[in-house]
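*Asks:* Dropping in target.pdb, which is PDB, C-alpha atoms:
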ATOM      1  CA  MET V   1     259.871 142.011 -65.634  1.00  0.00           C
ATOM      2  CA  LYS V   2     257.878 140.016 -68.163  1.00  0.00           C
ATOM      3  CA  LEU V   3     254.989 137.889 -66.953  1.00  0.00           C
ATOM      4  CA  TYR V   4     253.076 135.366 -69.019  1.00  0.00           C
ATOM      5  CA  HIS V   5     249.552 133.936 -69.062  1.00  0.00           C
ATOM      6  CA  GLY V   6     248.933 130.764 -71.068  1.00  0.00           C
ATOM      7  CA  SER V   7     245.515 130.579 -72.687  1.00  0.00           C
ATOM      8  CA  ASN V   8     243.608 129.399 -75.725  1.00  0.00           C
ATOM      9  CA  THR V   9     242.773 132.974 -76.683  1.00  0.00           C
ATOM     10  CA  GLU V  10     244.372 136.383 -76.956  1.00  0.00           C
ATOM     11  CA  ILE V  11     243.429 138.431 -73.900  1.00  0.00           C
ATOM     12  CA  HIS V  12     242.806 142.063 -74.768  1.00  0.00           C
ATOM     13  CA  LYS V  13     241.234 143.010 -71.437  1.00  0.00           C
ATOM     14  CA  ILE V  14     241.486 141.071 -68.192  1.00  0.00           C
ATOM     15  CA  ASP V  15     237.976 140.070 -67.141  1.00  0.00           C
ATOM     16  CA  PHE V  16     237.610 138.674 -63.599  1.00  0.00           C
ATOM     17  CA  ALA V  17     234.190 137.276 -64.519  1.00  0.00           C
ATOM     18  CA  LYS V  18     236.055 134.691 -66.629  1.00  0.00           C
ATOM     19  CA  SER V  19     238.290 133.697 -63.704  1.00  0.00           C
ATOM     20  CA  LYS V  20     237.530 130.420 -62.019  1.00  0.00           C
ATOM     21  CA  PRO V  21     236.984 130.190 -58.249  1.00  0.00           C
ATOM     22  CA  ASN V  22     238.783 127.833 -55.875  1.00  0.00           C
ATOM     23  CA  LYS V  23     242.274 128.252 -57.281  1.00  0.00           C
ATOM     24  CA  ASP V  24     245.432 128.329 -55.117  1.00  0.00           C
ATOM     25  CA  PHE V  25     245.113 132.009 -54.215  1.00  0.00           C
ATOM     26  CA  GLY V  26     241.456 132.494 -55.082  1.00  0.00           C
ATOM     27  CA  LYS V  27     239.556 133.815 -58.068  1.00  0.00           C
ATOM     28  CA  GLY V  28     241.817 136.101 -60.060  1.00  0.00           C
ATOM     29  CA  PHE V  29     244.235 136.430 -62.953  1.00  0.00           C
ATOM     30  CA  TYR V  30     247.304 134.175 -62.755  1.00  0.00           C
ATOM     31  CA  LEU V  31     250.666 134.754 -64.390  1.00  0.00           C
ATOM     32  CA  THR V  32     254.139 133.268 -64.339  1.00  0.00           C
ATOM     33  CA  ALA V  33     257.624 134.584 -65.042  1.00  0.00           C
ATOM     34  CA  ASP V  34     258.398 131.221 -66.719  1.00  0.00           C
ATOM     35  CA  ARG V  35     257.494 131.425 -70.409  1.00  0.00           C
ATOM     36  CA  HIS V  36     257.850 127.650 -70.874  1.00  0.00           C
ATOM     37  CA  GLN V  37     255.297 127.036 -68.133  1.00  0.00           C
ATOM     38  CA  ALA V  38     252.868 129.464 -69.816  1.00  0.00           C
ATOM     39  CA  GLU V  39     253.393 127.686 -73.160  1.00  0.00           C
ATOM     40  CA  GLN V  40     252.541 124.333 -71.569  1.00  0.00           C
ATOM     41  CA  LEU V  41     249.408 125.764 -69.966  1.00  0.00           C
ATOM     42  CA  ALA V  42     248.355 127.348 -73.272  1.00  0.00           C
ATOM     43  CA  GLU V  43     248.738 123.981 -75.026  1.00  0.00           C
ATOM     44  CA  GLN V  44     246.653 122.248 -72.341  1.00  0.00           C
ATOM     45  CA  ARG V  45     243.882 124.848 -72.515  1.00  0.00           C
ATOM     46  CA  ALA V  46     243.738 124.657 -76.314  1.00  0.00           C
ATOM     47  CA  MET V  47     243.617 120.861 -76.167  1.00  0.00           C
ATOM     48  CA  PHE V  48     240.764 120.813 -73.617  1.00  0.00           C
ATOM     49  CA  PHE V  49     238.752 123.858 -74.727  1.00  0.00           C
ATOM     50  CA  GLY V  50     239.662 124.311 -78.390  1.00  0.00           C
ATOM     51  CA  GLY V  51     241.272 127.283 -80.055  1.00  0.00           C
ATOM     52  CA  GLU V  52     244.975 127.811 -80.475  1.00  0.00           C
ATOM     53  CA  PRO V  53     247.636 128.046 -77.752  1.00  0.00           C
ATOM     54  CA  VAL V  54     248.375 131.705 -76.955  1.00  0.00           C
ATOM     55  CA  VAL V  55     250.951 133.087 -74.551  1.00  0.00           C
ATOM     56  CA  ASN V  56     249.821 136.538 -73.438  1.00  0.00           C
ATOM     57  CA  GLU V  57     252.754 138.713 -72.367  1.00  0.00           C
ATOM     58  CA  TYR V  58     252.696 141.530 -69.843  1.00  0.00           C
ATOM     59  CA  LEU V  59     255.228 143.922 -68.447  1.00  0.00           C
ATOM     60  CA  PHE V  60     255.141 144.437 -64.683  1.00  0.00           C
ATOM     61  CA  ASP V  61     257.375 146.650 -62.564  1.00  0.00           C
ATOM     62  CA  GLU V  62     258.402 144.409 -59.660  1.00  0.00           C
ATOM     63  CA  LYS V  63     258.994 147.474 -57.486  1.00  0.00           C
ATOM     64  CA  LYS V  64     255.195 147.858 -57.331  1.00  0.00           C
ATOM     65  CA  LEU V  65     255.156 144.848 -54.998  1.00  0.00           C
ATOM     66  CA  LYS V  66     256.800 146.991 -52.323  1.00  0.00           C
ATOM     67  CA  ASN V  67     255.500 150.506 -53.013  1.00  0.00           C
ATOM     68  CA  GLY V  68     252.742 150.332 -50.386  1.00  0.00           C
ATOM     69  CA  LEU V  69     249.980 151.148 -52.886  1.00  0.00           C
ATOM     70  CA  LEU V  70     249.006 147.506 -53.315  1.00  0.00           C
ATOM     71  CA  ASN V  71     248.115 144.948 -50.652  1.00  0.00           C
ATOM     72  CA  VAL V  72     250.642 142.193 -51.413  1.00  0.00           C
ATOM     73  CA  LYS V  73     251.258 138.769 -49.884  1.00  0.00           C
ATOM     74  CA  ILE V  74     254.485 136.923 -50.684  1.00  0.00           C
ATOM     75  CA  PHE V  75     255.138 133.252 -49.941  1.00  0.00           C
ATOM     76  CA  GLU V  76     258.826 132.457 -50.377  1.00  0.00           C
ATOM     77  CA  GLY V  77     258.301 128.690 -50.449  1.00  0.00           C
ATOM     78  CA  TYR V  78     256.243 125.737 -49.327  1.00  0.00           C
ATOM     79  CA  THR V  79     255.335 126.634 -45.751  1.00  0.00           C
ATOM     80  CA  ILE V  80     252.529 125.877 -43.324  1.00  0.00           C
ATOM     81  CA  GLU V  81     251.158 129.385 -43.877  1.00  0.00           C
ATOM     82  CA  TRP V  82     251.185 128.845 -47.671  1.00  0.00           C
ATOM     83  CA  ALA V  83     249.462 125.435 -47.365  1.00  0.00           C
ATOM     84  CA  GLU V  84     246.751 126.806 -45.082  1.00  0.00           C
ATOM     85  CA  PHE V  85     246.209 129.718 -47.495  1.00  0.00           C
ATOM     86  CA  VAL V  86     245.852 127.330 -50.457  1.00  0.00           C
ATOM     87  CA  VAL V  87     243.458 125.077 -48.500  1.00  0.00           C
ATOM     88  CA  THR V  88     241.318 128.073 -47.524  1.00  0.00           C
ATOM     89  CA  ASN V  89     241.106 129.317 -51.121  1.00  0.00           C
ATOM     90  CA  ARG V  90     240.630 125.902 -52.720  1.00  0.00           C
ATOM     91  CA  SER V  91     237.876 125.032 -50.209  1.00  0.00           C
ATOM     92  CA  ASN V  92     236.026 128.353 -50.278  1.00  0.00           C
ATOM     93  CA  PRO V  93     232.291 127.587 -50.677  1.00  0.00           C
ATOM     94  CA  SER V  94     231.435 131.279 -51.073  1.00  0.00           C
ATOM     95  CA  GLN V  95     231.645 133.626 -54.036  1.00  0.00           C
ATOM     96  CA  GLN V  96     233.335 136.092 -51.667  1.00  0.00           C
ATOM     97  CA  PRO V  97     237.133 136.066 -51.633  1.00  0.00           C
ATOM     98  CA  THR V  98     238.905 134.728 -48.553  1.00  0.00           C
ATOM     99  CA  HIS V  99     241.426 137.601 -48.510  1.00  0.00           C
ATOM    100  CA  ASP V 100     241.834 141.188 -49.659  1.00  0.00           C
ATOM    101  CA  TYR V 101     245.262 140.973 -51.299  1.00  0.00           C
ATOM    102  CA  ASP V 102     245.685 142.739 -54.627  1.00  0.00           C
ATOM    103  CA  ILE V 103     248.635 140.508 -55.529  1.00  0.00           C
ATOM    104  CA  VAL V 104     249.794 137.179 -54.123  1.00  0.00           C
ATOM    105  CA  TYR V 105     253.119 135.631 -55.128  1.00  0.00           C
ATOM    106  CA  GLY V 106     254.004 132.093 -54.194  1.00  0.00           C
ATOM    107  CA  PRO V 107     254.502 128.479 -55.243  1.00  0.00           C
ATOM    108  CA  ILE V 108     252.080 126.610 -57.451  1.00  0.00           C
ATOM    109  CA  ALA V 109     250.352 123.672 -55.778  1.00  0.00           C
ATOM    110  CA  ASN V 110     250.366 120.188 -57.273  1.00  0.00           C
ATOM    111  CA  ASP V 111     247.644 119.499 -59.849  1.00  0.00           C
ATOM    112  CA  LYS V 112     246.148 116.830 -57.562  1.00  0.00           C
ATOM    113  CA  VAL V 113     245.527 119.423 -54.842  1.00  0.00           C
ATOM    114  CA  GLY V 114     241.814 118.647 -54.410  1.00  0.00           C
ATOM    115  CA  VAL V 115     242.424 115.104 -53.210  1.00  0.00           C
ATOM    116  CA  GLN V 116     245.139 116.234 -50.810  1.00  0.00           C
ATOM    117  CA  ILE V 117     242.961 118.960 -49.307  1.00  0.00           C
ATOM    118  CA  GLU V 118     240.170 116.457 -48.756  1.00  0.00           C
ATOM    119  CA  LEU V 119     242.578 114.095 -46.976  1.00  0.00           C
ATOM    120  CA  PHE V 120     243.775 116.981 -44.809  1.00  0.00           C
ATOM    121  CA  THR V 121     240.308 118.297 -43.939  1.00  0.00           C
ATOM    122  CA  ASP V 122     239.207 114.731 -43.107  1.00  0.00           C
ATOM    123  CA  LYS V 123     242.240 114.606 -40.782  1.00  0.00           C
ATOM    124  CA  LEU V 124     243.737 111.638 -42.646  1.00  0.00           C
ATOM    125  CA  ILE V 125     247.040 113.476 -43.171  1.00  0.00           C
ATOM    126  CA  ASP V 126     248.772 116.181 -41.125  1.00  0.00           C
ATOM    127  CA  ILE V 127     249.867 119.632 -42.305  1.00  0.00           C
ATOM    128  CA  GLU V 128     253.486 118.553 -42.935  1.00  0.00           C
ATOM    129  CA  THR V 129     252.324 115.699 -45.189  1.00  0.00           C
ATOM    130  CA  LEU V 130     249.955 118.081 -46.958  1.00  0.00           C
ATOM    131  CA  ILE V 131     252.804 120.509 -47.691  1.00  0.00           C
ATOM    132  CA  LYS V 132     254.941 117.712 -49.179  1.00  0.00           C
ATOM    133  CA  ARG V 133     252.076 116.466 -51.330  1.00  0.00           C
ATOM    134  CA  LEU V 134     251.092 119.935 -52.533  1.00  0.00           C
ATOM    135  CA  GLN V 135     254.533 120.669 -53.905  1.00  0.00           C
ATOM    136  CA  PHE V 136     254.453 121.012 -57.678  1.00  0.00           C
ATOM    137  CA  MET V 137     255.715 117.775 -59.223  1.00  0.00           C
ATOM    138  CA  LYS V 138     258.019 119.526 -61.699  1.00  0.00           C
ATOM    139  CA  GLY V 139     259.953 121.384 -59.002  1.00  0.00           C
ATOM    140  CA  ILE V 140     259.127 124.645 -57.286  1.00  0.00           C
ATOM    141  CA  THR V 141     257.468 127.060 -59.670  1.00  0.00           C
ATOM    142  CA  PHE V 142     256.073 130.398 -58.611  1.00  0.00           C
ATOM    143  CA  GLN V 143     252.914 132.160 -59.715  1.00  0.00           C
ATOM    144  CA  TYR V 144     251.552 135.672 -59.531  1.00  0.00           C
ATOM    145  CA  PHE V 145     247.900 136.184 -58.614  1.00  0.00           C
ATOM    146  CA  PHE V 146     246.358 139.527 -59.557  1.00  0.00           C
ATOM    147  CA  GLY V 147     243.063 139.800 -57.704  1.00  0.00           C
ATOM    148  CA  SER V 148     241.868 143.356 -58.184  1.00  0.00           C
ATOM    149  CA  GLU V 149     241.328 145.939 -60.903  1.00  0.00           C
ATOM    150  CA  LYS V 150     243.849 148.068 -59.043  1.00  0.00           C
ATOM    151  CA  ALA V 151     246.473 145.327 -59.452  1.00  0.00           C
ATOM    152  CA  VAL V 152     245.828 144.570 -63.144  1.00  0.00           C
ATOM    153  CA  ALA V 153     246.137 148.281 -63.893  1.00  0.00           C
ATOM    154  CA  TYR V 154     249.878 147.784 -63.280  1.00  0.00           C
ATOM    155  CA  LEU V 155     250.104 145.154 -66.053  1.00  0.00           C
ATOM    156  CA  GLN V 156     251.117 146.485 -69.446  1.00  0.00           C
ATOM    157  CA  LYS V 157     250.065 144.199 -72.314  1.00  0.00           C
ATOM    158  CA  LEU V 158     252.863 143.576 -74.801  1.00  0.00           C
TER     159      LEU V 158
END
What would you get if you wrote out this structure as structure tokens?
*Replies:*
Amino acid sequence: MKLYHGSNTEIHKIDFAKSKPNKDFGKGFYLTADRHQAEQLAEQRAMFFGGEPVVNEYLFDEKKLKNGLLNVKIFEGYTIEWAEFVVTNRSNPSQQPTHDYDIVYGPIANDKVGVQIELFTDKLIDIETLIKRLQFMKGITFQYFFGSEKAVAYLQKL
């Protein structure tokens, strides 16, 4: 399968040091199977940080998700477990990861996730309300998180 990463630069080598902390699944390299989504992200990054929009393409053998060589977590949809996982990663005060998964696959959280997590942690909304509010506004869209050198070794740059 083809996976895409929208950026404002061509990525020749994946560098975790450039990854930002406190994302949905933690600090790592994020991809999507939706080229249009990657194009939109590339345009946003170029607008905010300069450069030109670039969609980096990778080939990934989906069978690797189930071969037992990688520690993989799959969220099939917006669930309590998914919401708690996102809250834990988005709220992580440490530089240490909150999990040891090589790859995580699951829905993208709404862009306004920070406010919703604060409301939840302050006990102003319950977990069911949090799940509804974290759902991506443009419909359910899934993302792939690659969190280890072992995992990115399975990505073939196109």
*Asks:* For the PyMOL selection byres ((chain V and resi 61) around 12), applied here, can you spell out every residue it catches as an MDAnalysis selection string?
*Replies:* chainID V and resid 1:3 58:60 62:67 151:156
*Asks:* Could you state which residues are captured by the PyMOL selection byres ((chain V and resi 101) around 6) in this file, as a list in words?
*Replies:*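 Here the PyMOL selection byres ((chain V and resi 101) around 6) matches Asn71, Val72, His99, Asp100, Asp102 and Ile103 of chain V.
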*Asks:* Region 12-20 of chain V, all listed atoms, 3 Å padding on each side: what axis-aligned box centre and edge lengths in Å to one decimal come out, as AutoDock Vina command-line options?
*Replies:*
--center_x 238.5 --center_y 136.7 --center_z -68.4 --size_x 14.6 --size_y 18.6 --size_z 18.7
*Asks:* Applied to the shown file, which residues does the PyMOL selection byres ((chain V and resi 108) around 6) return, written as a ChimeraX atom specification?
*Replies:* /V:107,109,141-142
*Asks:* Smallest atom-to-atom distance to Pro53 (chain V): which of V:Thr79, V:Gln96, V:Gln37, V:Asn8, using all atoms listed in the file?
*Replies:*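 Of V:Thr79, V:Gln96, V:Gln37, V:Asn8, the one nearest Pro53 (chain V) is V:Asn8, counting all atoms listed in the file.
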*Asks:* Find the residues near region 114-124 of chain V: any atom within 12 Å, counting only C-alpha atoms, skip ones fewer than 6 places away on the same chain, and give them as an MDAnalysis selection string.
*Replies:* chainID V and resid 22:24 83:92 130:135
*Asks:* As an exercise, work out the distance from CA of Val55 (chain V) to CA of Lys13 (chain V) in Å and give it to one decimal place.
*Replies:* 14.2 Å
